[in-house]
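Notes follow the structure.
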Amino acid sequence: MTDNSVILEKRGQAFWITINRPEKRNALNADVIAGIVKGYRDAHDDKDVRVIVLTGAGDKAFCAGADLQNSGAAFSMDYSRPNVDYADLLRLSQNATKPAIARVGGVCMAGGMGLLCMTDMAVSADHVIFGLPEVKVGVFPMQVMSLLQSIAPPRLVNEWALTGEPFDASIARAAGLLNYVVPAAELDAKVDWLIGRIVDKSPTAIRRGKYAMRAIASMSFDESIAYTESQIALLAMTEDAKEGLRAFGEKRKPSWTGR
């Protein structure tokens, strides 16, 4: 990251990653992707951080997708590299073991939809418009599909991707893209409420739980149930599990160590 395209800020036990290009509708470019990657890594390196919040500066856009200012530059590739930076960001997010919340205060389009889908939970203002308009400029939301198809109903995904037409926050919530839709004035309060519901829980249980959910996503039932029965046995041996059971028995709040 070579500029201030992304602001990284620790607020209590939450690590905020803010795309800071409001004049460009928080569009994605190399610096933005690098900044989000750095945010995820910094959050995981800090043992006091319990949750990541991803958002966009201003009230116009969460992220409007790739920066198309220089025609073609957004989709130029170094064909000697097997991976592209945006895809690597999505990979990083899926292997993360700290939960992430998308705070969506403005338009969420194209690659911004991928950022939305890479988080674990999402809260949106009720005026926000969503969409996959790539077909309108002759491309397709290829990498976004890798996450979106496991979240939203196939018929809706087909419509969004093939027509490129926008949809509103109520449709996004009904499709499973959002946990909560609130008036814009209540957005921060709802995000803070959700953060509060996470940071008072066991960090060990959340970390191991996210790891397990990722591992079983592509397993058959028989594989999944065998894997998870071993995982719960391991989790029960942790200090947090022992503390949680003690606290329950003693009718007090647990004191988590994250071990």
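We name chains A, B, ... following the order of the structure tokens; residues begin at 1 in each chain, and ligands are numbered from 1 as shown.
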
Neighbouring residues of Leu89 (chain A) were defined as those with any atom within 8 Å, considering only C-alpha atoms; residues of the same chain fewer than 2 positions away were excluded. Please report them as a list in words. Ile33, Ile36, Val37, Asp85, Tyr86, Ala87, Arg91, Leu92 and Ser93 of chain A

Could you take the residues named above and write them with N, CA, C and O atoms, as a PDB file, in the first residue's frame?
```pdb
ATOM      1  N   ILE A  33      -6.752  -2.877  -2.637  1.00  0.00           N
ATOM      2  CA  ILE A  33      -6.653  -4.313  -2.361  1.00  0.00           C
ATOM      3  C   ILE A  33      -5.502  -4.591  -1.408  1.00  0.00           C
ATOM      4  O   ILE A  33      -5.647  -5.337  -0.436  1.00  0.00           O
ATOM      5  N   ILE A  36      -6.505  -3.545   2.170  1.00  0.00           N
ATOM      6  CA  ILE A  36      -7.416  -4.481   2.843  1.00  0.00           C
ATOM      7  C   ILE A  36      -6.657  -5.735   3.278  1.00  0.00           C
ATOM      8  O   ILE A  36      -6.851  -6.246   4.387  1.00  0.00           O
ATOM      9  N   VAL A  37      -5.771  -6.220   2.414  1.00  0.00           N
ATOM     10  CA  VAL A  37      -4.938  -7.374   2.766  1.00  0.00           C
ATOM     11  C   VAL A  37      -4.118  -7.071   4.016  1.00  0.00           C
ATOM     12  O   VAL A  37      -4.060  -7.884   4.956  1.00  0.00           O
ATOM     13  N   ASP A  85      -4.452 -10.326  -7.592  1.00  0.00           N
ATOM     14  CA  ASP A  85      -4.493  -9.788  -6.235  1.00  0.00           C
ATOM     15  C   ASP A  85      -5.889  -9.844  -5.615  1.00  0.00           C
ATOM     16  O   ASP A  85      -6.036 -10.154  -4.428  1.00  0.00           O
ATOM     17  N   TYR A  86      -6.912  -9.525  -6.394  1.00  0.00           N
ATOM     18  CA  TYR A  86      -8.275  -9.548  -5.856  1.00  0.00           C
ATOM     19  C   TYR A  86      -8.656 -10.966  -5.442  1.00  0.00           C
ATOM     20  O   TYR A  86      -9.241 -11.174  -4.369  1.00  0.00           O
ATOM     21  N   ALA A  87      -8.326 -11.955  -6.266  1.00  0.00           N
ATOM     22  CA  ALA A  87      -8.610 -13.342  -5.919  1.00  0.00           C
ATOM     23  C   ALA A  87      -7.848 -13.753  -4.659  1.00  0.00           C
ATOM     24  O   ALA A  87      -8.383 -14.466  -3.797  1.00  0.00           O
ATOM     25  N   ARG A  91      -9.219 -15.242  -1.111  1.00  0.00           N
ATOM     26  CA  ARG A  91      -8.650 -16.440  -0.483  1.00  0.00           C
ATOM     27  C   ARG A  91      -8.261 -16.147   0.973  1.00  0.00           C
ATOM     28  O   ARG A  91      -8.542 -16.939   1.885  1.00  0.00           O
ATOM     29  N   LEU A  92      -7.583 -15.026   1.170  1.00  0.00           N
ATOM     30  CA  LEU A  92      -7.154 -14.639   2.516  1.00  0.00           C
ATOM     31  C   LEU A  92      -8.352 -14.530   3.453  1.00  0.00           C
ATOM     32  O   LEU A  92      -8.331 -15.020   4.589  1.00  0.00           O
ATOM     33  N   SER A  93      -9.419 -13.899   2.976  1.00  0.00           N
ATOM     34  CA  SER A  93     -10.599 -13.709   3.827  1.00  0.00           C
ATOM     35  C   SER A  93     -11.232 -15.030   4.229  1.00  0.00           C
ATOM     36  O   SER A  93     -11.731 -15.172   5.343  1.00  0.00           O
TER      37      SER A  93
END
```

Residues at most 10 Å from Val137 (chain A), counting only C-alpha atoms, excluding those fewer than 4 positions away in the same chain, as a list in words? Leu68, Pro133 and Gly164 of chain A

Compare A:Arg207, A:Arg214, A:Lys201, A:Lys10 by their minimum atom-to-atom distance to Pro254 (chain A), counting only C-alpha atoms, and give me the closest one.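 Using only C-alpha atoms, Pro254 (chain A) sits closest to A:Lys201.
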
Taking 6 positions as the minimum chain separation for residues in the same chain, which residues sit within 9 Å of region 112-129 of chain A when counting only C-alpha atoms? Answer as a PDB file with C-alpha atoms, in the first residue's frame.
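Okay, this is what ended up in out_35.pdb:
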```
ATOM      1  CA  ASN A  26     -14.480   3.683  -2.999  1.00  0.00           C
ATOM      2  CA  ALA A  27     -13.565   1.835  -6.180  1.00  0.00           C
ATOM      3  CA  LEU A  28     -10.996  -0.944  -6.076  1.00  0.00           C
ATOM      4  CA  ILE A  52     -12.778  -6.992  11.751  1.00  0.00           C
ATOM      5  CA  VAL A  53     -15.103  -4.326  10.328  1.00  0.00           C
ATOM      6  CA  LEU A  54     -14.860  -3.584   6.604  1.00  0.00           C
ATOM      7  CA  LYS A  60     -22.336   7.307  -1.049  1.00  0.00           C
ATOM      8  CA  ALA A  61     -20.594   3.971  -1.526  1.00  0.00           C
ATOM      9  CA  PHE A  62     -19.359   0.900   0.299  1.00  0.00           C
ATOM     10  CA  CYS A  63     -17.467  -0.100  -2.843  1.00  0.00           C
ATOM     11  CA  ALA A  64     -18.558   0.404  -6.445  1.00  0.00           C
ATOM     12  CA  GLY A  65     -16.247  -2.279  -7.835  1.00  0.00           C
ATOM     13  CA  ALA A  66     -13.119  -1.951  -9.933  1.00  0.00           C
ATOM     14  CA  LEU A  89      -7.724 -11.195  -1.102  1.00  0.00           C
ATOM     15  CA  LEU A  90     -10.805 -13.407  -1.283  1.00  0.00           C
ATOM     16  CA  ARG A  91      -8.650 -16.440  -0.483  1.00  0.00           C
ATOM     17  CA  SER A  93     -10.599 -13.709   3.827  1.00  0.00           C
ATOM     18  CA  GLN A  94     -11.867 -17.266   3.616  1.00  0.00           C
ATOM     19  CA  PRO A  99     -14.899 -12.846  12.238  1.00  0.00           C
ATOM     20  CA  ALA A 100     -15.521  -9.945   9.873  1.00  0.00           C
ATOM     21  CA  ILE A 101     -18.505  -7.619   9.537  1.00  0.00           C
ATOM     22  CA  ALA A 102     -19.311  -5.560   6.444  1.00  0.00           C
ATOM     23  CA  ARG A 103     -20.708  -2.131   7.285  1.00  0.00           C
ATOM     24  CA  VAL A 104     -22.500  -1.116   4.095  1.00  0.00           C
ATOM     25  CA  GLY A 105     -23.380   2.563   4.076  1.00  0.00           C
ATOM     26  CA  GLY A 106     -23.639   3.139   0.340  1.00  0.00           C
ATOM     27  CA  PRO A 141     -18.360 -11.175 -12.039  1.00  0.00           C
ATOM     28  CA  GLN A 143     -14.410 -14.167  -8.879  1.00  0.00           C
ATOM     29  CA  VAL A 144     -17.438 -12.822  -7.009  1.00  0.00           C
ATOM     30  CA  MET A 145     -19.310 -15.971  -8.078  1.00  0.00           C
ATOM     31  CA  SER A 146     -16.915 -18.120  -6.063  1.00  0.00           C
ATOM     32  CA  LEU A 147     -18.466 -16.733  -2.866  1.00  0.00           C
ATOM     33  CA  LEU A 148     -21.862 -15.460  -3.951  1.00  0.00           C
ATOM     34  CA  ILE A 151     -24.819 -17.476  -0.118  1.00  0.00           C
ATOM     35  CA  PRO A 166     -29.484  -3.433  -9.577  1.00  0.00           C
ATOM     36  CA  PHE A 167     -31.533  -4.459  -6.544  1.00  0.00           C
ATOM     37  CA  ASP A 168     -32.275  -2.921  -3.173  1.00  0.00           C
ATOM     38  CA  ALA A 169     -31.350  -3.743   0.418  1.00  0.00           C
ATOM     39  CA  SER A 170     -34.613  -5.542   1.169  1.00  0.00           C
ATOM     40  CA  ALA A 172     -30.336  -8.380  -0.567  1.00  0.00           C
ATOM     41  CA  ARG A 173     -31.436  -9.280   2.954  1.00  0.00           C
ATOM     42  CA  LEU A 177     -26.541 -11.275   1.729  1.00  0.00           C
ATOM     43  CA  LEU A 178     -27.288  -9.165   4.814  1.00  0.00           C
ATOM     44  CA  ASN A 179     -27.976  -9.848   8.482  1.00  0.00           C
ATOM     45  CA  TYR A 180     -29.613  -6.498   9.182  1.00  0.00           C
ATOM     46  CA  VAL A 181     -31.003  -3.553   7.238  1.00  0.00           C
ATOM     47  CA  VAL A 182     -31.471  -0.340   9.224  1.00  0.00           C
ATOM     48  CA  PRO A 183     -31.998   3.378   8.584  1.00  0.00           C
ATOM     49  CA  ALA A 184     -28.720   5.121   7.785  1.00  0.00           C
ATOM     50  CA  ALA A 185     -28.802   7.009  11.093  1.00  0.00           C
ATOM     51  CA  GLU A 186     -28.841   3.684  12.969  1.00  0.00           C
ATOM     52  CA  LEU A 187     -26.108   1.932  10.971  1.00  0.00           C
ATOM     53  CA  LYS A 190     -26.252  -1.662  14.846  1.00  0.00           C
ATOM     54  CA  VAL A 191     -22.672  -2.453  13.867  1.00  0.00           C
ATOM     55  CA  LEU A 194     -23.104  -6.752  16.620  1.00  0.00           C
TER      56      LEU A 194
END
```

Could you check the closest approach to Asp42 (chain A) for each of A:Gly176, A:Ala30, A:Lys98, A:Thr55 and tell me which residue wins, using only C-alpha atoms? A:Lys98
